[in-house]
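Visitor: My structure is in query-v3.txt, and what it holds is compact mmCIF, C-alpha atoms and all ligand atoms:
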```txt
# COMPACT_ATOMS: atom_id res chain seq x y z
CA MET S 1 150.82 126.45 171.29
CA ARG S 2 149.96 127.90 174.68
CA MET S 3 150.49 131.60 175.20
CA VAL S 4 149.69 134.41 177.61
CA MET S 5 148.96 137.98 176.45
CA LEU S 6 149.82 140.49 179.19
CA GLY S 7 149.46 144.28 179.10
CA ALA S 8 147.68 147.23 180.61
CA PRO S 9 143.96 147.68 180.08
CA GLY S 10 143.63 149.44 176.71
CA ALA S 11 146.96 148.18 175.32
CA GLY S 12 145.05 146.06 172.81
CA LYS S 13 145.46 142.58 174.29
CA GLY S 14 142.04 141.45 173.06
CA THR S 15 142.60 142.73 169.53
CA GLN S 16 146.04 141.09 169.27
CA ALA S 17 144.75 137.84 170.78
CA ARG S 18 141.99 137.74 168.13
CA LEU S 19 144.53 138.33 165.33
CA VAL S 20 146.86 135.61 166.66
CA SER S 21 143.89 133.27 167.05
CA THR S 22 142.89 133.78 163.40
CA LYS S 23 146.40 133.42 161.95
CA TYR S 24 147.72 130.58 164.13
CA GLY S 25 144.53 128.72 165.00
CA ALA S 26 144.72 128.93 168.80
CA VAL S 27 141.57 129.50 170.87
CA HIS S 28 141.26 133.00 172.36
CA LEU S 29 140.26 132.74 176.02
CA SER S 30 139.34 136.21 177.29
CA MET S 31 138.81 136.34 181.04
CA GLY S 32 137.13 139.76 180.78
CA SER S 33 134.56 138.51 178.24
CA THR S 34 133.98 135.35 180.24
CA LEU S 35 133.33 137.30 183.45
CA ARG S 36 131.08 139.86 181.71
CA ARG S 37 129.10 137.01 180.13
CA GLU S 38 128.59 135.46 183.57
CA VAL S 39 127.29 138.84 184.82
CA ALA S 40 124.99 139.31 181.80
CA GLU S 41 123.57 135.80 182.22
CA GLN S 42 123.14 136.47 185.97
CA SER S 43 124.71 133.12 186.77
CA GLU S 44 125.72 132.30 190.32
CA ILE S 45 129.30 133.42 189.60
CA GLY S 46 127.99 136.50 187.76
CA ARG S 47 125.91 137.69 190.70
CA SER S 48 128.83 137.25 193.08
CA ILE S 49 131.31 139.29 190.98
CA ARG S 50 129.14 142.11 189.59
CA GLY S 51 130.07 144.67 192.29
CA THR S 52 133.77 143.79 192.10
CA LEU S 53 133.87 144.25 188.32
CA SER S 54 132.02 147.58 188.27
CA LYS S 55 134.50 149.05 190.77
CA GLY S 56 137.43 147.94 188.59
CA ASP S 57 138.68 145.57 191.28
CA MET S 58 139.99 142.09 190.64
CA VAL S 59 137.84 139.00 190.91
CA GLU S 60 139.18 136.65 193.57
CA ASP S 61 141.76 134.03 192.59
CA GLY S 62 139.60 130.99 193.41
CA ILE S 63 136.96 131.98 190.82
CA VAL S 64 139.28 132.89 187.93
CA ASN S 65 141.52 129.86 188.57
CA MET S 66 138.49 127.58 188.37
CA ILE S 67 137.22 129.24 185.17
CA ILE S 68 140.60 128.92 183.43
CA GLU S 69 141.08 125.28 184.44
CA ASN S 70 137.70 124.40 182.95
CA GLN S 71 138.70 126.08 179.69
CA LEU S 72 142.18 124.50 179.57
CA GLN S 73 140.58 121.06 179.87
CA ARG S 74 138.65 121.76 176.67
CA TYR S 75 141.34 123.32 174.48
CA GLU S 76 144.97 122.43 173.86
CA SER S 77 146.09 125.44 171.83
CA VAL S 78 145.13 128.65 173.63
CA ILE S 79 145.83 132.37 174.05
CA LEU S 80 145.12 133.52 177.60
CA ASP S 81 143.96 137.15 177.71
CA GLY S 82 143.25 138.78 181.10
CA TYR S 83 144.66 135.85 183.06
CA PRO S 84 146.93 135.50 185.00
CA ARG S 85 146.77 138.98 186.56
CA THR S 86 148.72 138.33 189.76
CA LEU S 87 151.83 136.42 190.76
CA LEU S 88 149.68 134.00 192.75
CA GLN S 89 147.57 133.27 189.66
CA ALA S 90 150.72 132.82 187.53
CA GLU S 91 152.18 130.37 190.04
CA HIS S 92 148.87 128.52 190.22
CA LEU S 93 148.75 128.28 186.41
CA ASP S 94 152.37 127.09 186.30
CA GLY S 95 151.63 124.29 188.77
CA TYR S 96 148.42 123.31 186.98
CA LEU S 97 150.08 123.12 183.54
CA LYS S 98 152.98 121.05 184.85
CA GLU S 99 150.38 118.46 185.89
CA HIS S 100 148.26 118.99 182.76
CA PRO S 101 150.69 119.70 179.90
CA PRO S 102 151.47 121.21 177.47
CA VAL S 103 153.04 124.05 179.47
CA LEU S 104 153.30 127.68 178.27
CA ASP S 105 155.42 128.39 175.18
CA VAL S 106 155.49 132.21 175.32
CA VAL S 107 154.27 135.27 177.25
CA PHE S 108 153.83 138.59 175.45
CA LEU S 109 153.77 141.87 177.40
CA LEU S 110 152.21 144.79 175.49
CA GLU S 111 153.88 147.94 176.83
CA LEU S 112 152.27 151.38 176.65
CA PRO S 113 152.80 154.73 178.48
CA VAL S 114 150.14 155.62 181.08
CA GLU S 115 148.90 158.76 179.23
CA SER S 116 148.24 156.71 176.09
CA ILE S 117 146.34 154.15 178.14
CA ILE S 118 144.00 156.73 179.69
CA SER S 119 143.21 158.37 176.36
CA ARG S 120 142.57 155.00 174.71
CA LEU S 121 140.31 153.68 177.47
CA SER S 122 138.16 156.75 178.02
CA GLY S 123 137.23 156.82 174.30
CA ARG S 124 136.62 153.11 174.05
CA ARG S 125 133.21 151.70 173.16
CA VAL S 126 132.28 148.05 173.18
CA CYS S 127 129.61 146.22 171.19
CA ASP S 128 127.08 144.77 173.65
CA ARG S 129 126.51 141.80 171.35
CA CYS S 130 129.87 140.63 169.87
CA SER S 131 132.31 142.46 172.26
CA LYS S 132 134.27 144.07 169.40
CA THR S 133 135.85 147.34 170.57
CA TYR S 134 135.86 150.72 168.81
CA HIS S 135 137.43 154.09 169.61
CA ILE S 136 135.43 157.32 169.24
CA GLN S 137 138.52 159.00 167.79
CA PHE S 138 138.47 156.67 164.77
CA TYR S 139 134.86 155.49 164.46
CA ARG S 140 131.63 157.48 164.52
CA LEU S 141 129.26 154.54 164.44
CA GLU S 142 125.96 154.35 166.31
CA ARG S 143 125.87 150.59 166.02
CA CYS S 144 128.24 147.71 165.37
CA PRO S 145 127.87 146.10 161.90
CA CYS S 146 126.57 143.01 163.77
CA GLY S 147 123.57 145.09 164.95
CA GLY S 148 124.71 145.42 168.57
CA ARG S 149 124.77 148.73 170.45
CA LEU S 150 128.11 150.47 171.18
CA ILE S 151 128.34 151.17 174.88
CA GLN S 152 130.94 152.49 177.30
CA ARG S 153 131.89 149.74 179.67
CA GLU S 154 131.07 150.45 183.29
CA ASP S 155 134.76 150.18 184.19
CA ASP S 156 136.00 152.55 181.42
CA ASN S 157 135.12 155.88 183.13
CA PRO S 158 138.12 158.10 184.12
CA ASP S 159 137.98 157.49 187.90
CA THR S 160 137.72 153.75 187.52
CA ILE S 161 140.48 153.83 184.87
CA ARG S 162 142.89 155.58 187.25
CA HIS S 163 142.08 153.01 189.92
CA ARG S 164 142.56 150.13 187.45
CA MET S 165 145.94 151.59 186.42
CA GLU S 166 147.12 151.63 190.06
CA VAL S 167 146.00 148.03 190.47
CA TYR S 168 147.71 147.10 187.20
CA GLU S 169 151.05 148.80 188.02
CA ALA S 170 151.19 147.03 191.37
CA GLU S 171 150.48 143.63 189.84
CA ILE S 172 152.48 143.64 186.59
CA GLN S 173 155.98 143.96 188.06
CA PRO S 174 156.01 140.60 189.90
CA LEU S 175 154.43 138.93 186.84
CA ARG S 176 157.07 140.43 184.57
CA ASP S 177 159.82 139.18 186.91
CA PHE S 178 158.27 135.72 187.18
CA TYR S 179 157.98 135.14 183.43
CA THR S 180 161.40 136.67 182.80
CA ARG S 181 162.88 134.10 185.22
CA CYS S 182 160.98 131.38 183.33
CA GLY S 183 162.56 132.63 180.08
CA LEU S 184 159.12 133.08 178.50
CA LEU S 185 158.67 136.87 178.45
CA TYR S 186 158.71 138.91 175.21
CA PRO S 187 157.98 142.65 175.69
CA ILE S 188 156.21 144.25 172.70
CA ASP S 189 155.96 148.01 172.01
CA ALA S 190 152.19 148.64 171.96
CA ASP S 191 152.48 152.39 171.33
CA GLN S 192 152.09 151.81 167.58
CA GLY S 193 149.36 150.75 165.15
CA VAL S 194 147.49 147.46 165.45
CA GLU S 195 149.16 146.03 162.33
CA ASP S 196 152.67 146.93 163.52
CA ILE S 197 152.10 145.41 166.95
CA PHE S 198 150.84 142.24 165.30
CA ALA S 199 153.86 142.15 162.96
CA ASP S 200 156.18 142.23 165.99
CA ILE S 201 154.26 139.41 167.68
CA SER S 202 154.22 137.31 164.50
CA GLU S 203 157.96 137.75 164.08
CA VAL S 204 158.65 136.35 167.57
CA LEU S 205 156.27 133.43 166.97
CA ASP S 206 157.59 132.58 163.48
CA ASP S 207 161.31 133.04 164.17
CA THR S 208 161.68 131.90 167.79
CA ILE S 209 158.71 130.12 169.31
CA LEU S 210 157.18 127.90 166.61
CA PRO S 211 160.51 126.34 165.53
CA GLN S 212 160.91 125.08 169.14
CA ILE S 213 157.49 123.43 169.40
ZN ZN Y 1 128.99 143.69 167.29
```
In structure tokens, write the structure found in this file.
Ligand SMILES: [Zn+2]
Guide:
Amino acid sequence: MRMVMLGAPGAGKGTQARLVSTKYGAVHLSMGSTLRREVAEQSEIGRSIRGTLSKGDMVEDGIVNMIIENQLQRYESVILDGYPRTLLQAEHLDGYLKEHPPVLDVVFLLELPVESIISRLSGRRVCDRCSKTYHIQFYRLERCPCGGRLIQREDDNPDTIRHRMEVYEAEIQPLRDFYTRCGLLYPIDADQGVEDIFADISEVLDDTILPQI
């Protein structure tokens, strides 16, 4: 099974991808975590993208395309989270998978109103060790159970969030159109609890996608 999880920052893509990974046994490939790990390890890629990431801008296509191809060579069953983010990336991925099948089976789009996104993101804290996310509205922890510190990501402050939303709105429409034309797109209402979102995703997978594979 090869799937893409699309959605605004804060819509819960990472959480849903982890749940799908656990239930269906596909590998969760998070572009955000991969890029942040490169920065933390101060690799060559990490040093070149640090400024771009902290401004909330997008890392250039050549770098993310290369990262994803390396990962797709290692895993057959995957959930792509944070990639593709542009039409160019989606077309690149499409071409790559046609030469290196299997191709995509499904694309989920987690939909959420802008006001909900801003309130979710500005209260978000991330464990600096295991990358699990928490929200200050629901959790009052000092530390993650794994021992890591809960920090606000550099790109989760209100100004950067507004900028990221503008970037997102401009990029999602062509992606939505592209995957609709491919017959792969399934919009999911993300303005509900984590369990309910996951139930909607599972229903599509169990009733429609898996019987075709
Ligand atoms: Zn942790």
Visitor: Just want the 9 Å neighbourhood of Gly10 (chain S), counted on all atoms listed in the file, with same-chain residues fewer than 2 positions away dropped. Output as an MDAnalysis selection string.
Guide: chainID S and resid 7:8 12:14 112 116:121 124
Visitor: What lies within 7 Å of region 86-100 of chain S using only C-alpha atoms, ignoring chain neighbours under 4 positions off, as number ranges by chain?
Guide: S: 61, 171, 174-175
Visitor: From the options S:Cys182, S:Leu141, S:Ile63, S:Ile161, which residue's atoms come nearest to ligand ZN 1 (chain Y), counting all atoms listed in the file?
Guide: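 Closest candidate: S:Leu141.
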Visitor: To one decimal in Å, tell me the separation between CA of Glu142 (chain S) and CA of Pro9 (chain S).
Guide: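 Distance between the two atoms: 23.6 Å.
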Visitor: Find the residues near ligand ZN 1 (chain Y). Use a cut-off of 10 Å, count only C-alpha atoms and all ligand atoms, and write them as JSON, numbers by chain.
Guide: {"S": [126, 127, 128, 129, 130, 131, 132, 133, 134, 143, 144, 145, 146, 147, 148, 149, 150]}
Visitor: Deliver the residues from the most recent selection as a file, using C-alpha atoms, as a CSV table (one decimal), in the coordinates of the input.
Guide:
```csv
chain,number,residue,atom,x,y,z
S,126,VAL,CA,132.3,148.0,173.2
S,127,CYS,CA,129.6,146.2,171.2
S,128,ASP,CA,127.1,144.8,173.6
S,129,ARG,CA,126.5,141.8,171.4
S,130,CYS,CA,129.9,140.6,169.9
S,131,SER,CA,132.3,142.5,172.3
S,132,LYS,CA,134.3,144.1,169.4
S,133,THR,CA,135.8,147.3,170.6
S,134,TYR,CA,135.9,150.7,168.8
S,143,ARG,CA,125.9,150.6,166.0
S,144,CYS,CA,128.2,147.7,165.4
S,145,PRO,CA,127.9,146.1,161.9
S,146,CYS,CA,126.6,143.0,163.8
S,147,GLY,CA,123.6,145.1,165.0
S,148,GLY,CA,124.7,145.4,168.6
S,149,ARG,CA,124.8,148.7,170.4
S,150,LEU,CA,128.1,150.5,171.2
```
Visitor: Return the single residue from S:Ser43, S:Gln71, S:Ser54, S:Ser48 that is closest to Leu29 (chain S), with distances computed using all atoms listed in the file.
Guide: S:Gln71
